[in-house]
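Source file: run.csv (CSV, C-alpha atoms)
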chain,number,residue,atom,x,y,z
A,1,MET,CA,71.2,99.0,100.3
A,2,ARG,CA,73.5,98.3,103.2
A,3,SER,CA,76.4,96.0,102.5
A,4,ILE,CA,78.3,94.2,105.2
A,5,MET,CA,81.1,91.7,104.7
A,6,VAL,CA,82.6,89.2,107.1
A,7,LEU,CA,86.2,88.6,106.1
A,8,ASN,CA,89.3,86.7,107.2
A,9,SER,CA,91.8,84.8,105.1
A,10,LYS,CA,92.2,82.3,107.9
A,11,GLY,CA,89.8,79.3,107.8
A,12,GLY,CA,87.8,78.4,110.8
A,13,SER,CA,87.6,81.9,112.2
A,14,GLY,CA,83.8,81.9,112.5
A,15,LYS,CA,83.0,84.0,109.5
A,16,SER,CA,79.8,82.0,108.7
A,17,THR,CA,78.6,82.2,112.3
A,18,VAL,CA,79.0,86.0,112.3
A,19,ALA,CA,77.4,86.4,108.9
A,20,THR,CA,74.4,84.2,109.6
A,21,ASN,CA,73.8,85.9,112.9
A,22,LEU,CA,73.9,89.3,111.3
A,23,ALA,CA,71.5,88.1,108.6
A,24,SER,CA,69.1,86.7,111.2
A,25,TYR,CA,69.3,89.8,113.4
A,26,TYR,CA,68.3,92.2,110.6
A,27,ALA,CA,65.6,89.8,109.4
A,28,THR,CA,64.1,89.9,112.9
A,29,GLN,CA,64.0,93.7,112.6
A,30,GLY,CA,61.7,93.4,109.6
A,31,ARG,CA,64.4,94.1,107.0
A,32,LYS,CA,64.7,92.5,103.6
A,33,VAL,CA,68.0,90.6,103.9
A,34,VAL,CA,70.2,88.8,101.4
A,35,LEU,CA,72.8,86.4,102.6
A,36,ALA,CA,75.4,86.0,99.8
A,37,ASP,CA,77.8,83.1,100.3
A,38,PHE,CA,81.1,83.3,98.4
A,39,ASP,CA,82.5,80.2,100.2
A,40,PRO,CA,82.5,77.0,98.1
A,41,GLN,CA,81.9,75.1,101.3
A,42,SER,CA,78.4,76.8,101.4
A,43,SER,CA,78.1,76.9,105.2
A,44,SER,CA,75.7,79.9,105.1
A,45,MET,CA,73.6,78.2,102.4
A,46,GLU,CA,73.4,75.0,104.6
A,47,TRP,CA,72.4,77.2,107.5
A,48,LEU,CA,69.6,78.7,105.4
A,49,SER,CA,68.4,75.2,104.3
A,50,ALA,CA,67.9,74.3,108.0
A,51,ARG,CA,65.8,77.5,108.6
A,52,SER,CA,62.1,77.0,109.2
A,53,SER,CA,59.6,78.6,106.8
A,54,GLY,CA,57.9,80.0,109.8
A,55,ARG,CA,60.9,82.3,110.6
A,56,LYS,CA,61.6,85.7,109.1
A,57,SER,CA,62.6,85.3,105.5
A,58,ILE,CA,66.3,85.6,104.4
A,59,LEU,CA,67.1,85.3,100.7
A,60,GLY,CA,70.2,83.1,100.1
A,61,VAL,CA,72.5,83.7,97.1
A,62,ASP,CA,75.2,81.3,96.1
A,63,ALA,CA,78.0,83.7,95.1
A,64,SER,CA,80.8,81.1,94.9
A,65,ALA,CA,80.5,80.8,91.1
A,66,GLY,CA,81.0,84.6,90.7
A,67,ASN,CA,77.9,85.3,88.7
A,68,PHE,CA,75.0,86.5,90.9
A,69,ARG,CA,72.7,89.5,91.5
A,70,VAL,CA,71.5,91.0,94.6
A,71,PRO,CA,67.9,92.2,94.3
A,72,ARG,CA,67.7,96.0,94.5
A,73,SER,CA,64.8,95.7,96.9
A,74,ALA,CA,67.1,94.3,99.6
A,75,ASP,CA,67.7,96.5,102.7
A,76,TYR,CA,70.8,94.6,103.8
A,77,VAL,CA,73.2,92.2,102.0
A,78,ILE,CA,75.5,90.2,104.2
A,79,TYR,CA,78.6,88.7,102.5
A,80,ASP,CA,80.1,85.5,103.8
A,81,THR,CA,83.6,85.0,102.3
A,82,PRO,CA,86.0,82.1,101.8
A,83,ALA,CA,89.3,81.5,103.4
A,84,ALA,CA,92.6,82.1,101.7
A,85,VAL,CA,91.6,85.3,99.9
A,86,HIS,CA,94.4,87.4,98.7
A,87,GLY,CA,95.5,89.7,95.8
A,88,LYS,CA,92.9,90.3,93.1
A,89,GLN,CA,90.2,88.2,94.8
A,90,LEU,CA,90.6,90.2,98.0
A,91,ASN,CA,90.4,93.5,96.1
A,92,ALA,CA,87.3,92.4,94.2
A,93,LEU,CA,85.6,91.5,97.5
A,94,LEU,CA,86.5,94.7,99.1
A,95,ARG,CA,84.8,96.7,96.3
A,96,ARG,CA,81.5,95.2,97.3
A,97,ALA,CA,81.3,96.3,101.0
A,98,GLN,CA,80.5,99.4,102.9
A,99,SER,CA,81.5,97.8,106.2
A,100,ILE,CA,83.8,94.9,107.0
A,101,ILE,CA,84.0,92.8,110.2
A,102,ILE,CA,87.1,90.7,110.7
A,103,PRO,CA,86.6,87.9,113.4
A,104,ILE,CA,89.8,86.6,115.0
A,105,LEU,CA,90.2,83.6,117.3
A,106,PRO,CA,92.2,83.5,120.5
A,107,SER,CA,95.1,81.4,119.3
A,108,PRO,CA,98.7,82.2,118.4
A,109,ILE,CA,98.3,80.8,114.9
A,110,ASP,CA,95.2,83.0,114.2
A,111,MET,CA,96.9,86.1,115.6
A,112,ARG,CA,100.0,85.5,113.5
A,113,ALA,CA,97.9,85.0,110.4
A,114,ALA,CA,95.8,88.0,111.1
A,115,THR,CA,98.6,90.5,111.4
A,116,PRO,CA,99.6,90.6,107.6
A,117,PHE,CA,96.0,90.1,106.5
A,118,ILE,CA,94.6,93.0,108.5
A,119,GLN,CA,97.4,95.2,107.1
A,120,LYS,CA,96.6,94.2,103.5
A,121,VAL,CA,93.0,95.1,104.1
A,122,LEU,CA,93.9,98.5,105.7
A,123,ASP,CA,96.3,99.2,102.9
A,124,ASN,CA,93.6,98.8,100.2
A,125,GLY,CA,92.8,102.0,98.5
A,126,ARG,CA,89.1,101.9,99.3
A,127,ILE,CA,89.9,101.5,103.0
A,128,ALA,CA,92.5,104.2,103.0
A,129,ARG,CA,90.1,106.6,101.3
A,130,LYS,CA,87.4,105.6,103.9
A,131,GLU,CA,85.1,104.3,101.2
A,132,CYS,CA,84.7,101.2,103.3
A,133,ARG,CA,85.1,100.8,107.1
A,134,VAL,CA,86.7,98.0,109.0
A,135,ALA,CA,86.1,96.7,112.6
A,136,LEU,CA,87.6,93.8,114.5
A,137,ILE,CA,85.9,91.3,116.9
A,138,ALA,CA,87.3,88.5,119.1
A,139,ASN,CA,85.5,85.3,118.4
A,140,ARG,CA,85.0,82.1,120.4
A,141,CYS,CA,86.7,83.4,123.5
A,142,ARG,CA,87.0,82.0,127.0
A,143,GLU,CA,87.5,85.0,129.2
A,144,ASN,CA,90.2,85.2,131.8
A,145,THR,CA,92.5,82.8,129.9
A,146,ASN,CA,96.0,83.9,129.0
A,147,VAL,CA,95.4,83.6,125.2
A,148,TYR,CA,92.2,85.7,125.5
A,149,HIS,CA,94.2,88.5,127.2
A,150,GLN,CA,96.9,88.1,124.5
A,151,LEU,CA,94.2,88.5,121.8
A,152,ASP,CA,92.6,91.5,123.6
A,153,THR,CA,96.0,93.2,123.7
A,154,PHE,CA,96.7,92.4,120.1
A,155,LEU,CA,93.4,93.7,118.8
A,156,ARG,CA,93.6,96.9,120.8
A,157,LYS,CA,97.0,97.7,119.2
A,158,VAL,CA,95.6,97.6,115.7
A,159,ARG,CA,95.5,101.1,114.3
A,160,LYS,CA,92.8,102.4,111.9
A,161,ALA,CA,90.4,99.5,112.8
A,162,PRO,CA,88.3,99.6,116.1
A,163,PHE,CA,88.1,96.5,118.3
A,164,ILE,CA,84.3,96.5,119.0
A,165,SER,CA,83.3,93.3,120.8
A,166,VAL,CA,84.2,89.9,122.2
A,167,LEU,CA,82.0,86.9,121.4
A,168,ARG,CA,82.2,84.0,123.9
A,169,GLU,CA,82.6,80.3,123.1
A,170,THR,CA,79.3,78.7,123.8
A,171,GLN,CA,77.1,75.9,122.6
A,172,ASN,CA,74.3,78.5,121.9
A,173,TYR,CA,75.7,79.2,118.5
A,174,ASN,CA,75.8,75.5,117.6
A,175,LYS,CA,72.2,75.0,118.9
A,176,ALA,CA,71.0,78.0,116.9
A,177,ALA,CA,72.9,76.9,113.7
A,178,GLU,CA,71.4,73.4,113.8
A,179,ARG,CA,68.0,75.1,113.3
A,180,GLY,CA,69.0,77.8,110.9
A,181,LEU,CA,68.6,80.4,113.6
A,182,GLY,CA,70.6,83.3,115.0
A,183,ILE,CA,71.4,84.1,118.6
A,184,PHE,CA,68.7,86.8,118.7
A,185,GLU,CA,66.1,84.1,117.8
A,186,LEU,CA,66.9,81.9,120.8
A,187,ALA,CA,64.9,82.3,124.0
A,188,PRO,CA,66.2,85.4,125.9
A,189,TYR,CA,66.9,83.5,129.1
A,190,LEU,CA,69.2,81.2,127.2
A,191,ALA,CA,71.1,83.8,125.2
A,192,ARG,CA,71.0,87.0,127.2
A,193,LYS,CA,74.8,87.2,127.6
A,194,ASP,CA,75.3,86.5,123.9
A,195,ARG,CA,72.9,89.2,122.9
A,196,ASP,CA,74.7,91.6,125.1
A,197,GLN,CA,78.0,90.8,123.4
A,198,TRP,CA,76.4,91.5,120.0
A,199,GLU,CA,75.0,94.9,121.0
A,200,PRO,CA,78.3,96.7,120.3
A,201,ILE,CA,78.5,95.1,116.8
A,202,ILE,CA,75.0,96.2,116.0
A,203,LYS,CA,75.6,99.6,117.4
A,204,TRP,CA,78.8,100.1,115.3
A,205,LEU,CA,77.0,99.0,112.2
A,206,ALA,CA,74.2,101.5,112.8
A,207,SER,CA,76.7,104.3,113.4
A,208,LYS,CA,78.3,106.8,111.0
A,209,ARG,CA,81.6,105.3,112.0
A,210,SER,CA,80.9,102.2,110.0
A,211,MET,CA,79.8,104.0,106.9
A,212,PRO,CA,81.8,105.3,103.9
A,213,THR,CA,82.8,108.9,103.9
A,214,GLY,CA,85.0,108.9,100.8
Would you write out, as structure tokens, the structure that this file holds?
Amino acid sequence: MRSIMVLNSKGGSGKSTVATNLASYYATQGRKVVLADFDPQSSSMEWLSARSSGRKSILGVDASAGNFRVPRSADYVIYDTPAAVHGKQLNALLRRAQSIIIPILPSPIDMRAATPFIQKVLDNGRIARKECRVALIANRCRENTNVYHQLDTFLRKVRKAPFISVLRETQNYNKAAERGLGIFELAPYLARKDRDQWEPIIKWLASKRSMPTG
């Protein structure tokens, strides 16, 4: 079973958007997908409730209460996590994942908050022993703005965690979310650029670089 976690202690960083799009992508590939939502706000579960029964099936699990099981038959489990995770809660979450994606927004507040959080993640024993791999993405970006270039520079300086892609700010994500869809389920002519931006993420998750070696 492949386990992928979307993580950031800063609220509003787009964790649910990334998690739901990953879940929908793997579902469109014919995989058995579980979307486990640790966030009490239940954004991923609400996304699933809007999903048509005619679409590829994704099993939703409310993990916010702490007591849940992921079916062994699942090919992929995608974990959507809450904000403000630290200490024991953060360590408990990290034990569940093989790969972690940290989305960061192009704002000074988000970059300042990300600096100590990323370091806490990288200092975790599982990460240090390469039992879990971490990658960074820039989310909701408007290219060729000063703050975007600041975020690009910031992410490229982070050691031990590759910066793998930039996702643009676009209404396509909102349009898809309203219907419980992912970007790969929109018409190609509408979302071609967004799909291209997702390709490095999918490629990293399919590579040995994203898998535990410890």
May I ask for the distance between atom CA of A:Gly54 and atom CA of A:Leu35, given in Å to one decimal place?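 These atoms are spaced 17.7 Å apart.
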Separation of atom CA of A:Asp75 and atom CA of A:Ser57, in Å?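 Interatomic distance, atom CA of A:Asp75 to atom CA of A:Ser57: 12.6 Å.
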Can you tell me which residues surround stretch 36-48 of chain A at a distance of at most 7 Å, considering only C-alpha atoms, apart from same-chain residues fewer than 2 positions away, and format the answer as a PyMOL selection string? chain A and resi 16+20+34+50-51+60-64+77-82+177+180
A:Arg159 proximity check over A:Ile183, A:Ile202, A:Leu122, A:Ala113, using only C-alpha atoms: winner is A:Leu122
With a distance cut-off of 10 Å and all atoms listed in the file, select the neighbouring residues of A:Arg129, excluding the residue or stretch itself and same-chain residues fewer than 4 positions from it, and output the selection as a PyMOL selection string. chain A and resi 122-125+133+212-214
Could you jot down the atom CA of A:Asn8 to atom CA of A:Arg179 separation for me, Å, one decimal place?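 Interatomic distance here is 25.0 Å.
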Tell me which of A:Ser53, A:Ser107, A:Gln197, A:Asn172 sits closest to A:Gln150, counting only C-alpha atoms.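 Of A:Ser53, A:Ser107, A:Gln197, A:Asn172, the one nearest A:Gln150 is A:Ser107, counting only C-alpha atoms.
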Spatial neighbours of A:Arg55, max dist 10 Å, all atoms listed in the file, sep filter under 4 positions, as a list in words: Ser24, Ala27, Thr28, Arg51, Gly180, Leu181 and Glu185 of chain A
Restricting the calculation to all atoms listed in the file, which member of A:Arg31, A:Arg96, A:Arg168, A:His86 is positioned closest to A:Ser3?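 Checking each of A:Arg31, A:Arg96, A:Arg168, A:His86 against A:Ser3, counting all atoms listed in the file, the winner is A:Arg96.
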